[in-house]
$ cat upload.txt   # compact mmCIF, N, CA and C atoms
# COMPACT_ATOMS: atom_id res chain seq x y z
N MET A 18 -19.93 -6.16 16.13
CA MET A 18 -19.28 -5.58 14.97
C MET A 18 -18.94 -4.12 15.26
N LEU A 19 -17.74 -3.73 14.88
CA LEU A 19 -17.30 -2.35 15.10
C LEU A 19 -17.92 -1.41 14.08
N THR A 20 -18.12 -0.18 14.50
CA THR A 20 -18.59 0.84 13.57
C THR A 20 -17.43 1.25 12.67
N LEU A 21 -17.74 2.00 11.63
CA LEU A 21 -16.71 2.49 10.73
C LEU A 21 -15.69 3.33 11.50
N LEU A 22 -16.15 4.22 12.34
CA LEU A 22 -15.23 5.06 13.12
C LEU A 22 -14.38 4.22 14.08
N GLU A 23 -14.98 3.24 14.71
CA GLU A 23 -14.23 2.37 15.62
C GLU A 23 -13.17 1.58 14.86
N ASN A 24 -13.52 1.12 13.67
CA ASN A 24 -12.53 0.41 12.85
C ASN A 24 -11.37 1.31 12.47
N LEU A 25 -11.68 2.56 12.13
CA LEU A 25 -10.61 3.51 11.80
C LEU A 25 -9.72 3.74 13.02
N GLN A 26 -10.32 3.91 14.16
CA GLN A 26 -9.56 4.11 15.40
C GLN A 26 -8.63 2.92 15.63
N GLU A 27 -9.15 1.73 15.47
CA GLU A 27 -8.37 0.51 15.69
C GLU A 27 -7.25 0.37 14.66
N ARG A 28 -7.58 0.57 13.39
CA ARG A 28 -6.57 0.43 12.32
C ARG A 28 -5.42 1.40 12.47
N LEU A 29 -5.71 2.60 12.92
CA LEU A 29 -4.68 3.63 13.04
C LEU A 29 -3.99 3.62 14.40
N GLY A 30 -4.47 2.78 15.30
CA GLY A 30 -3.85 2.69 16.61
C GLY A 30 -4.08 3.90 17.49
N CYS A 31 -5.20 4.57 17.28
CA CYS A 31 -5.54 5.74 18.09
C CYS A 31 -6.03 5.30 19.46
N LEU A 32 -5.54 5.95 20.47
CA LEU A 32 -5.98 5.65 21.82
C LEU A 32 -7.43 6.09 22.02
N TYR A 33 -7.76 7.25 21.46
CA TYR A 33 -9.10 7.81 21.59
C TYR A 33 -9.70 8.07 20.22
N LEU A 34 -11.00 7.97 20.12
CA LEU A 34 -11.68 8.26 18.87
C LEU A 34 -11.41 9.70 18.43
N SER A 35 -11.32 10.59 19.39
CA SER A 35 -11.08 12.00 19.07
C SER A 35 -9.72 12.22 18.42
N ASP A 36 -8.81 11.26 18.51
CA ASP A 36 -7.51 11.38 17.83
C ASP A 36 -7.69 11.46 16.32
N LEU A 37 -8.78 10.92 15.80
CA LEU A 37 -9.02 10.95 14.36
C LEU A 37 -9.15 12.37 13.85
N HIS A 38 -9.47 13.32 14.71
CA HIS A 38 -9.61 14.73 14.34
C HIS A 38 -8.25 15.43 14.21
N THR A 39 -7.23 14.87 14.78
CA THR A 39 -5.94 15.57 14.83
C THR A 39 -5.24 15.54 13.48
N ASP A 40 -4.36 16.49 13.28
CA ASP A 40 -3.59 16.56 12.04
C ASP A 40 -2.76 15.30 11.82
N ASN A 41 -2.34 14.67 12.90
CA ASN A 41 -1.52 13.46 12.78
C ASN A 41 -2.28 12.28 12.18
N PHE A 42 -3.60 12.24 12.36
CA PHE A 42 -4.37 11.07 11.94
C PHE A 42 -5.44 11.35 10.89
N ARG A 43 -5.87 12.58 10.72
CA ARG A 43 -7.02 12.86 9.86
C ARG A 43 -6.82 12.34 8.42
N ARG A 44 -5.72 12.67 7.80
CA ARG A 44 -5.49 12.23 6.42
C ARG A 44 -5.48 10.71 6.33
N GLN A 45 -4.80 10.06 7.26
CA GLN A 45 -4.76 8.60 7.29
C GLN A 45 -6.16 8.03 7.48
N ALA A 46 -6.94 8.65 8.34
CA ALA A 46 -8.30 8.17 8.60
C ALA A 46 -9.15 8.25 7.33
N LEU A 47 -9.00 9.35 6.60
CA LEU A 47 -9.75 9.51 5.36
C LEU A 47 -9.34 8.45 4.35
N GLN A 48 -8.06 8.23 4.21
CA GLN A 48 -7.58 7.23 3.27
C GLN A 48 -8.00 5.82 3.68
N GLU A 49 -7.91 5.52 4.94
CA GLU A 49 -8.33 4.20 5.44
C GLU A 49 -9.82 3.97 5.22
N ALA A 50 -10.62 5.01 5.43
CA ALA A 50 -12.06 4.88 5.22
C ALA A 50 -12.36 4.47 3.78
N LEU A 51 -11.60 5.03 2.86
CA LEU A 51 -11.83 4.71 1.44
C LEU A 51 -11.38 3.30 1.08
N ASP A 52 -10.59 2.68 1.94
CA ASP A 52 -10.19 1.29 1.71
C ASP A 52 -11.33 0.30 1.98
N PHE A 53 -12.30 0.73 2.77
CA PHE A 53 -13.45 -0.13 3.03
C PHE A 53 -14.37 -0.12 1.82
N PRO A 54 -14.92 -1.25 1.44
CA PRO A 54 -15.88 -1.27 0.33
C PRO A 54 -17.12 -0.44 0.69
N PRO A 55 -17.75 0.18 -0.30
CA PRO A 55 -18.93 1.01 -0.03
C PRO A 55 -20.03 0.28 0.72
N ASP A 56 -20.17 -1.00 0.46
CA ASP A 56 -21.25 -1.75 1.10
C ASP A 56 -20.86 -2.40 2.42
N ALA A 57 -19.65 -2.10 2.91
CA ALA A 57 -19.20 -2.66 4.19
C ALA A 57 -19.94 -2.05 5.37
N TYR A 58 -20.47 -0.83 5.16
CA TYR A 58 -21.19 -0.14 6.22
C TYR A 58 -22.45 0.49 5.66
N SER A 59 -23.38 0.74 6.53
CA SER A 59 -24.65 1.34 6.12
C SER A 59 -24.45 2.82 5.77
N LEU A 60 -25.44 3.37 5.12
CA LEU A 60 -25.43 4.80 4.81
C LEU A 60 -25.25 5.61 6.08
N GLU A 61 -25.91 5.20 7.14
CA GLU A 61 -25.83 5.93 8.41
C GLU A 61 -24.40 5.93 8.96
N GLN A 62 -23.69 4.81 8.82
CA GLN A 62 -22.31 4.73 9.29
C GLN A 62 -21.41 5.66 8.48
N TRP A 63 -21.61 5.70 7.15
CA TRP A 63 -20.83 6.60 6.31
C TRP A 63 -21.13 8.05 6.64
N GLN A 64 -22.40 8.36 6.87
CA GLN A 64 -22.77 9.73 7.24
C GLN A 64 -22.11 10.13 8.56
N GLU A 65 -22.14 9.22 9.52
CA GLU A 65 -21.52 9.49 10.81
C GLU A 65 -20.02 9.74 10.66
N ALA A 66 -19.35 8.94 9.85
CA ALA A 66 -17.91 9.10 9.66
C ALA A 66 -17.59 10.43 8.98
N VAL A 67 -18.34 10.77 7.93
CA VAL A 67 -18.10 12.05 7.24
C VAL A 67 -18.39 13.20 8.18
N ARG A 68 -19.47 13.11 8.92
CA ARG A 68 -19.81 14.18 9.88
C ARG A 68 -18.69 14.34 10.91
N TYR A 69 -18.18 13.24 11.40
CA TYR A 69 -17.15 13.28 12.44
C TYR A 69 -15.82 13.80 11.90
N LEU A 70 -15.45 13.38 10.70
CA LEU A 70 -14.15 13.74 10.15
C LEU A 70 -14.14 15.08 9.43
N LEU A 71 -15.25 15.43 8.77
CA LEU A 71 -15.26 16.63 7.93
C LEU A 71 -16.26 17.69 8.34
N GLY A 72 -17.28 17.32 9.07
CA GLY A 72 -18.38 18.23 9.35
C GLY A 72 -19.65 17.61 8.78
N SER A 73 -20.68 18.37 8.65
CA SER A 73 -21.97 17.84 8.22
C SER A 73 -21.98 17.47 6.74
N PRO A 74 -22.40 16.23 6.44
CA PRO A 74 -22.56 15.85 5.03
C PRO A 74 -23.89 16.38 4.51
N PRO A 75 -24.04 16.46 3.19
CA PRO A 75 -25.35 16.83 2.64
C PRO A 75 -26.39 15.81 3.12
N PRO A 76 -27.57 16.25 3.50
CA PRO A 76 -28.56 15.35 4.09
C PRO A 76 -29.02 14.22 3.17
N SER A 77 -28.94 14.42 1.87
CA SER A 77 -29.43 13.38 0.96
C SER A 77 -28.30 12.72 0.18
N ALA A 78 -27.08 12.79 0.67
CA ALA A 78 -25.94 12.22 -0.04
C ALA A 78 -25.97 10.69 0.04
N SER A 79 -25.62 10.07 -1.06
CA SER A 79 -25.51 8.61 -1.12
C SER A 79 -24.14 8.20 -0.57
N VAL A 80 -23.96 6.90 -0.37
CA VAL A 80 -22.67 6.41 0.09
C VAL A 80 -21.58 6.82 -0.91
N GLN A 81 -21.86 6.68 -2.18
CA GLN A 81 -20.87 7.04 -3.20
C GLN A 81 -20.51 8.52 -3.12
N GLU A 82 -21.49 9.37 -2.93
CA GLU A 82 -21.22 10.81 -2.82
C GLU A 82 -20.41 11.13 -1.56
N LEU A 83 -20.71 10.44 -0.48
CA LEU A 83 -19.95 10.64 0.76
C LEU A 83 -18.50 10.21 0.58
N ARG A 84 -18.31 9.09 -0.09
CA ARG A 84 -16.95 8.61 -0.36
C ARG A 84 -16.20 9.59 -1.27
N GLU A 85 -16.89 10.17 -2.22
CA GLU A 85 -16.27 11.17 -3.09
C GLU A 85 -15.85 12.40 -2.29
N MET A 86 -16.66 12.77 -1.31
CA MET A 86 -16.31 13.89 -0.43
C MET A 86 -15.02 13.57 0.33
N LEU A 87 -14.93 12.35 0.86
CA LEU A 87 -13.73 11.94 1.59
C LEU A 87 -12.51 11.98 0.68
N ALA A 88 -12.67 11.45 -0.53
CA ALA A 88 -11.56 11.41 -1.49
C ALA A 88 -11.11 12.83 -1.85
N GLN A 89 -12.05 13.71 -2.09
CA GLN A 89 -11.71 15.08 -2.46
C GLN A 89 -10.99 15.77 -1.31
N TYR A 90 -11.48 15.60 -0.11
CA TYR A 90 -10.86 16.25 1.04
C TYR A 90 -9.44 15.72 1.24
N THR A 91 -9.22 14.43 0.96
CA THR A 91 -7.91 13.83 1.11
C THR A 91 -6.89 14.51 0.20
N THR A 92 -7.32 14.84 -1.01
CA THR A 92 -6.39 15.48 -1.96
C THR A 92 -6.12 16.94 -1.58
N GLU A 93 -7.01 17.54 -0.80
CA GLU A 93 -6.85 18.94 -0.40
C GLU A 93 -5.97 19.12 0.82
N LEU A 94 -5.71 18.04 1.54
CA LEU A 94 -4.88 18.15 2.75
C LEU A 94 -3.42 18.26 2.40

$ encode --input "upload.txt" --output "structure tokens"
Amino acid sequence: MLTLLENLQERLGCLYLSDLHTDNFRRQALQEALDFPPDAYSLEQWQEAVRYLLGSPPPSASVQELREMLAQYTTEL
């Protein structure tokens, strides 16, 4: 099974995982992540994705809070 980040890489057609950091893909990656149901991945997978895409998440954030962070950042781009 692919990780959340690997699924994002595959869905967006990124050659490298690091492409998700670029301006060309970041907004799309955030939006695509929100298309996954909250229970599709573990808390650890959501934390890893938020950390990778946005920086460090709050240490005690729930999946819902992490998804809200992604949604808010999407509107700010």

$ residues_around --input "upload.txt" --residues "A:Ser79" --least-positions-apart "6" --cutoff "8 Å" --atoms "all atoms listed in the file" --output "PDB file with N, CA and C atoms, keeping the file's coordinate frame"
ATOM      1  N   LEU A  60     -25.440   3.370   5.120  1.00  0.00           N
ATOM      2  CA  LEU A  60     -25.430   4.800   4.810  1.00  0.00           C
ATOM      3  C   LEU A  60     -25.250   5.610   6.080  1.00  0.00           C
ATOM      4  N   TRP A  63     -21.610   5.700   7.150  1.00  0.00           N
ATOM      5  CA  TRP A  63     -20.830   6.600   6.310  1.00  0.00           C
ATOM      6  C   TRP A  63     -21.130   8.050   6.640  1.00  0.00           C
ATOM      7  N   GLN A  64     -22.400   8.360   6.870  1.00  0.00           N
ATOM      8  CA  GLN A  64     -22.770   9.730   7.240  1.00  0.00           C
ATOM      9  C   GLN A  64     -22.110  10.130   8.560  1.00  0.00           C
ATOM     10  N   GLU A  85     -16.890  10.170  -2.220  1.00  0.00           N
ATOM     11  CA  GLU A  85     -16.270  11.170  -3.090  1.00  0.00           C
ATOM     12  C   GLU A  85     -15.850  12.400  -2.290  1.00  0.00           C
TER      13      GLU A  85
END

$ atom_distance --input "upload.txt" --atom1 "atom CA of A:Ala57" --atom2 "atom CA of A:Thr20"
10.0 Å

$ residues_around --input "upload.txt" --residues "stretch 25-36 of chain A" --least-positions-apart "5" --cutoff "7 Å" --atoms "only N, CA and C atoms" --output "ChimeraX atom specification"
/A:20,41-43,46,49-50

$ select_by_dssp --input "upload.txt" --residues "chain A" --states "helix (DSSP H, G or I)" --output "count of residues only"
53

$ closest_residue --input "upload.txt" --among "A:Arg68, A:Tyr58, A:Arg44, A:Leu94" --to "A:Val80" --atoms "only C-alpha atoms"
A:Tyr58

$ atom_distance --input "upload.txt" --atom1 "atom CA of A:Ala88" --atom2 "atom C of A:Leu47"
6.9 Å

$ closest_residue --input "upload.txt" --among "A:Tyr69, A:Glu93, A:Leu22, A:Pro55" --to "A:Gln81" --atoms "all atoms listed in the file"
A:Pro55

$ atom_distance --input "upload.txt" --atom1 "atom N of A:Pro76" --atom2 "atom C of A:Tyr90"
18.3 Å

$ closest_residue --input "upload.txt" --among "A:Phe53, A:Met18, A:His38, A:Ser59" --to "A:Leu71" --atoms "only C-alpha atoms"
A:His38

$ closest_residue --input "upload.txt" --among "A:Thr91, A:Leu21, A:Met86, A:Asp40" --to "A:Ala66" --atoms "all atoms listed in the file"
A:Leu21

$ decode --input "upload.txt" --residues "stretch 24-55 of chain A" --atoms "N, CA, C and O atoms" --output "PDB file, in the first residue's frame"
ATOM      1  N   ASN A  24       0.986   8.423  -2.784  1.00  0.00           N
ATOM      2  CA  ASN A  24      -0.247   8.547  -3.565  1.00  0.00           C
ATOM      3  C   ASN A  24      -0.366   9.921  -4.207  1.00  0.00           C
ATOM      4  O   ASN A  24      -0.801  10.047  -5.349  1.00  0.00           O
ATOM      5  N   LEU A  25       0.001  10.957  -3.460  1.00  0.00           N
ATOM      6  CA  LEU A  25      -0.026  12.304  -4.026  1.00  0.00           C
ATOM      7  C   LEU A  25       0.948  12.410  -5.200  1.00  0.00           C
ATOM      8  O   LEU A  25       0.619  12.980  -6.236  1.00  0.00           O
ATOM      9  N   GLN A  26       2.126  11.874  -5.024  1.00  0.00           N
ATOM     10  CA  GLN A  26       3.125  11.894  -6.091  1.00  0.00           C
ATOM     11  C   GLN A  26       2.577  11.200  -7.339  1.00  0.00           C
ATOM     12  O   GLN A  26       2.681  11.726  -8.450  1.00  0.00           O
ATOM     13  N   GLU A  27       1.963  10.058  -7.146  1.00  0.00           N
ATOM     14  CA  GLU A  27       1.418   9.289  -8.263  1.00  0.00           C
ATOM     15  C   GLU A  27       0.247  10.019  -8.929  1.00  0.00           C
ATOM     16  O   GLU A  27       0.191  10.131 -10.148  1.00  0.00           O
ATOM     17  N   ARG A  28      -0.674  10.522  -8.125  1.00  0.00           N
ATOM     18  CA  ARG A  28      -1.849  11.217  -8.672  1.00  0.00           C
ATOM     19  C   ARG A  28      -1.476  12.448  -9.483  1.00  0.00           C
ATOM     20  O   ARG A  28      -2.133  12.768 -10.467  1.00  0.00           O
ATOM     21  N   LEU A  29      -0.460  13.157  -9.042  1.00  0.00           N
ATOM     22  CA  LEU A  29      -0.063  14.392  -9.716  1.00  0.00           C
ATOM     23  C   LEU A  29       0.955  14.163 -10.827  1.00  0.00           C
ATOM     24  O   LEU A  29       1.320  15.091 -11.535  1.00  0.00           O
ATOM     25  N   GLY A  30       1.420  12.930 -10.954  1.00  0.00           N
ATOM     26  CA  GLY A  30       2.375  12.618 -12.007  1.00  0.00           C
ATOM     27  C   GLY A  30       3.752  13.202 -11.775  1.00  0.00           C
ATOM     28  O   GLY A  30       4.475  13.493 -12.731  1.00  0.00           O
ATOM     29  N   CYS A  31       4.118  13.376 -10.516  1.00  0.00           N
ATOM     30  CA  CYS A  31       5.435  13.905 -10.175  1.00  0.00           C
ATOM     31  C   CYS A  31       6.487  12.823 -10.363  1.00  0.00           C
ATOM     32  O   CYS A  31       6.304  11.683  -9.935  1.00  0.00           O
ATOM     33  N   LEU A  32       7.566  13.189 -10.979  1.00  0.00           N
ATOM     34  CA  LEU A  32       8.662  12.255 -11.152  1.00  0.00           C
ATOM     35  C   LEU A  32       9.333  11.951  -9.817  1.00  0.00           C
ATOM     36  O   LEU A  32       9.682  10.815  -9.528  1.00  0.00           O
ATOM     37  N   TYR A  33       9.474  12.987  -8.991  1.00  0.00           N
ATOM     38  CA  TYR A  33      10.119  12.850  -7.693  1.00  0.00           C
ATOM     39  C   TYR A  33       9.181  13.334  -6.590  1.00  0.00           C
ATOM     40  O   TYR A  33       8.391  14.254  -6.803  1.00  0.00           O
ATOM     41  N   LEU A  34       9.301  12.746  -5.430  1.00  0.00           N
ATOM     42  CA  LEU A  34       8.503  13.172  -4.288  1.00  0.00           C
ATOM     43  C   LEU A  34       8.771  14.643  -3.970  1.00  0.00           C
ATOM     44  O   LEU A  34       7.857  15.393  -3.622  1.00  0.00           O
ATOM     45  N   SER A  35       9.997  15.064  -4.142  1.00  0.00           N
ATOM     46  CA  SER A  35      10.362  16.456  -3.848  1.00  0.00           C
ATOM     47  C   SER A  35       9.641  17.446  -4.761  1.00  0.00           C
ATOM     48  O   SER A  35       9.573  18.633  -4.451  1.00  0.00           O
ATOM     49  N   ASP A  36       9.083  16.989  -5.878  1.00  0.00           N
ATOM     50  CA  ASP A  36       8.310  17.874  -6.750  1.00  0.00           C
ATOM     51  C   ASP A  36       7.089  18.432  -6.031  1.00  0.00           C
ATOM     52  O   ASP A  36       6.592  19.500  -6.389  1.00  0.00           O
ATOM     53  N   LEU A  37       6.597  17.722  -5.026  1.00  0.00           N
ATOM     54  CA  LEU A  37       5.425  18.187  -4.288  1.00  0.00           C
ATOM     55  C   LEU A  37       5.696  19.511  -3.579  1.00  0.00           C
ATOM     56  O   LEU A  37       4.764  20.243  -3.263  1.00  0.00           O
ATOM     57  N   HIS A  38       6.952  19.839  -3.345  1.00  0.00           N
ATOM     58  CA  HIS A  38       7.342  21.102  -2.694  1.00  0.00           C
ATOM     59  C   HIS A  38       7.307  22.288  -3.655  1.00  0.00           C
ATOM     60  O   HIS A  38       7.313  23.429  -3.207  1.00  0.00           O
ATOM     61  N   THR A  39       7.322  22.031  -4.932  1.00  0.00           N
ATOM     62  CA  THR A  39       7.451  23.125  -5.896  1.00  0.00           C
ATOM     63  C   THR A  39       6.144  23.889  -6.046  1.00  0.00           C
ATOM     64  O   THR A  39       5.062  23.375  -5.782  1.00  0.00           O
ATOM     65  N   ASP A  40       6.261  25.118  -6.495  1.00  0.00           N
ATOM     66  CA  ASP A  40       5.084  25.954  -6.710  1.00  0.00           C
ATOM     67  C   ASP A  40       4.126  25.334  -7.721  1.00  0.00           C
ATOM     68  O   ASP A  40       2.920  25.545  -7.651  1.00  0.00           O
ATOM     69  N   ASN A  41       4.666  24.577  -8.663  1.00  0.00           N
ATOM     70  CA  ASN A  41       3.825  23.952  -9.684  1.00  0.00           C
ATOM     71  C   ASN A  41       2.896  22.888  -9.121  1.00  0.00           C
ATOM     72  O   ASN A  41       1.842  22.628  -9.700  1.00  0.00           O
ATOM     73  N   PHE A  42       3.278  22.245  -8.026  1.00  0.00           N
ATOM     74  CA  PHE A  42       2.509  21.113  -7.514  1.00  0.00           C
ATOM     75  C   PHE A  42       1.950  21.294  -6.105  1.00  0.00           C
ATOM     76  O   PHE A  42       1.034  20.576  -5.715  1.00  0.00           O
ATOM     77  N   ARG A  43       2.478  22.202  -5.323  1.00  0.00           N
ATOM     78  CA  ARG A  43       2.102  22.282  -3.910  1.00  0.00           C
ATOM     79  C   ARG A  43       0.590  22.465  -3.711  1.00  0.00           C
ATOM     80  O   ARG A  43      -0.031  21.749  -2.950  1.00  0.00           O
ATOM     81  N   ARG A  44       0.003  23.430  -4.382  1.00  0.00           N
ATOM     82  CA  ARG A  44      -1.437  23.679  -4.209  1.00  0.00           C
ATOM     83  C   ARG A  44      -2.246  22.451  -4.612  1.00  0.00           C
ATOM     84  O   ARG A  44      -3.174  22.051  -3.923  1.00  0.00           O
ATOM     85  N   GLN A  45      -1.892  21.846  -5.732  1.00  0.00           N
ATOM     86  CA  GLN A  45      -2.578  20.633  -6.187  1.00  0.00           C
ATOM     87  C   GLN A  45      -2.416  19.511  -5.170  1.00  0.00           C
ATOM     88  O   GLN A  45      -3.368  18.764  -4.914  1.00  0.00           O
ATOM     89  N   ALA A  46      -1.230  19.381  -4.611  1.00  0.00           N
ATOM     90  CA  ALA A  46      -0.979  18.327  -3.629  1.00  0.00           C
ATOM     91  C   ALA A  46      -1.856  18.519  -2.397  1.00  0.00           C
ATOM     92  O   ALA A  46      -2.421  17.561  -1.868  1.00  0.00           O
ATOM     93  N   LEU A  47      -1.982  19.767  -1.953  1.00  0.00           N
ATOM     94  CA  LEU A  47      -2.824  20.049  -0.795  1.00  0.00           C
ATOM     95  C   LEU A  47      -4.276  19.721  -1.091  1.00  0.00           C
ATOM     96  O   LEU A  47      -4.971  19.104  -0.276  1.00  0.00           O
ATOM     97  N   GLN A  48      -4.750  20.113  -2.248  1.00  0.00           N
ATOM     98  CA  GLN A  48      -6.129  19.836  -2.618  1.00  0.00           C
ATOM     99  C   GLN A  48      -6.370  18.339  -2.782  1.00  0.00           C
ATOM    100  O   GLN A  48      -7.406  17.815  -2.342  1.00  0.00           O
ATOM    101  N   GLU A  49      -5.455  17.651  -3.400  1.00  0.00           N
ATOM    102  CA  GLU A  49      -5.583  16.200  -3.576  1.00  0.00           C
ATOM    103  C   GLU A  49      -5.590  15.479  -2.235  1.00  0.00           C
ATOM    104  O   GLU A  49      -6.337  14.529  -2.041  1.00  0.00           O
ATOM    105  N   ALA A  50      -4.761  15.929  -1.310  1.00  0.00           N
ATOM    106  CA  ALA A  50      -4.714  15.299   0.013  1.00  0.00           C
ATOM    107  C   ALA A  50      -6.081  15.379   0.684  1.00  0.00           C
ATOM    108  O   ALA A  50      -6.523  14.422   1.332  1.00  0.00           O
ATOM    109  N   LEU A  51      -6.753  16.497   0.497  1.00  0.00           N
ATOM    110  CA  LEU A  51      -8.071  16.672   1.117  1.00  0.00           C
ATOM    111  C   LEU A  51      -9.145  15.820   0.450  1.00  0.00           C
ATOM    112  O   LEU A  51     -10.209  15.611   1.024  1.00  0.00           O
ATOM    113  N   ASP A  52      -8.864  15.306  -0.733  1.00  0.00           N
ATOM    114  CA  ASP A  52      -9.811  14.401  -1.395  1.00  0.00           C
ATOM    115  C   ASP A  52      -9.831  13.013  -0.757  1.00  0.00           C
ATOM    116  O   ASP A  52     -10.796  12.279  -0.917  1.00  0.00           O
ATOM    117  N   PHE A  53      -8.760  12.676  -0.050  1.00  0.00           N
ATOM    118  CA  PHE A  53      -8.724  11.388   0.633  1.00  0.00           C
ATOM    119  C   PHE A  53      -9.575  11.466   1.896  1.00  0.00           C
ATOM    120  O   PHE A  53      -9.520  12.472   2.614  1.00  0.00           O
ATOM    121  N   PRO A  54     -10.344  10.441   2.202  1.00  0.00           N
ATOM    122  CA  PRO A  54     -11.111  10.444   3.453  1.00  0.00           C
ATOM    123  C   PRO A  54     -10.167  10.492   4.655  1.00  0.00           C
ATOM    124  O   PRO A  54      -9.049   9.963   4.594  1.00  0.00           O
ATOM    125  N   PRO A  55     -10.595  11.113   5.745  1.00  0.00           N
ATOM    126  CA  PRO A  55      -9.731  11.219   6.931  1.00  0.00           C
ATOM    127  C   PRO A  55      -9.225   9.874   7.437  1.00  0.00           C
ATOM    128  O   PRO A  55      -8.109   9.773   7.925  1.00  0.00           O
TER     129      PRO A  55
END
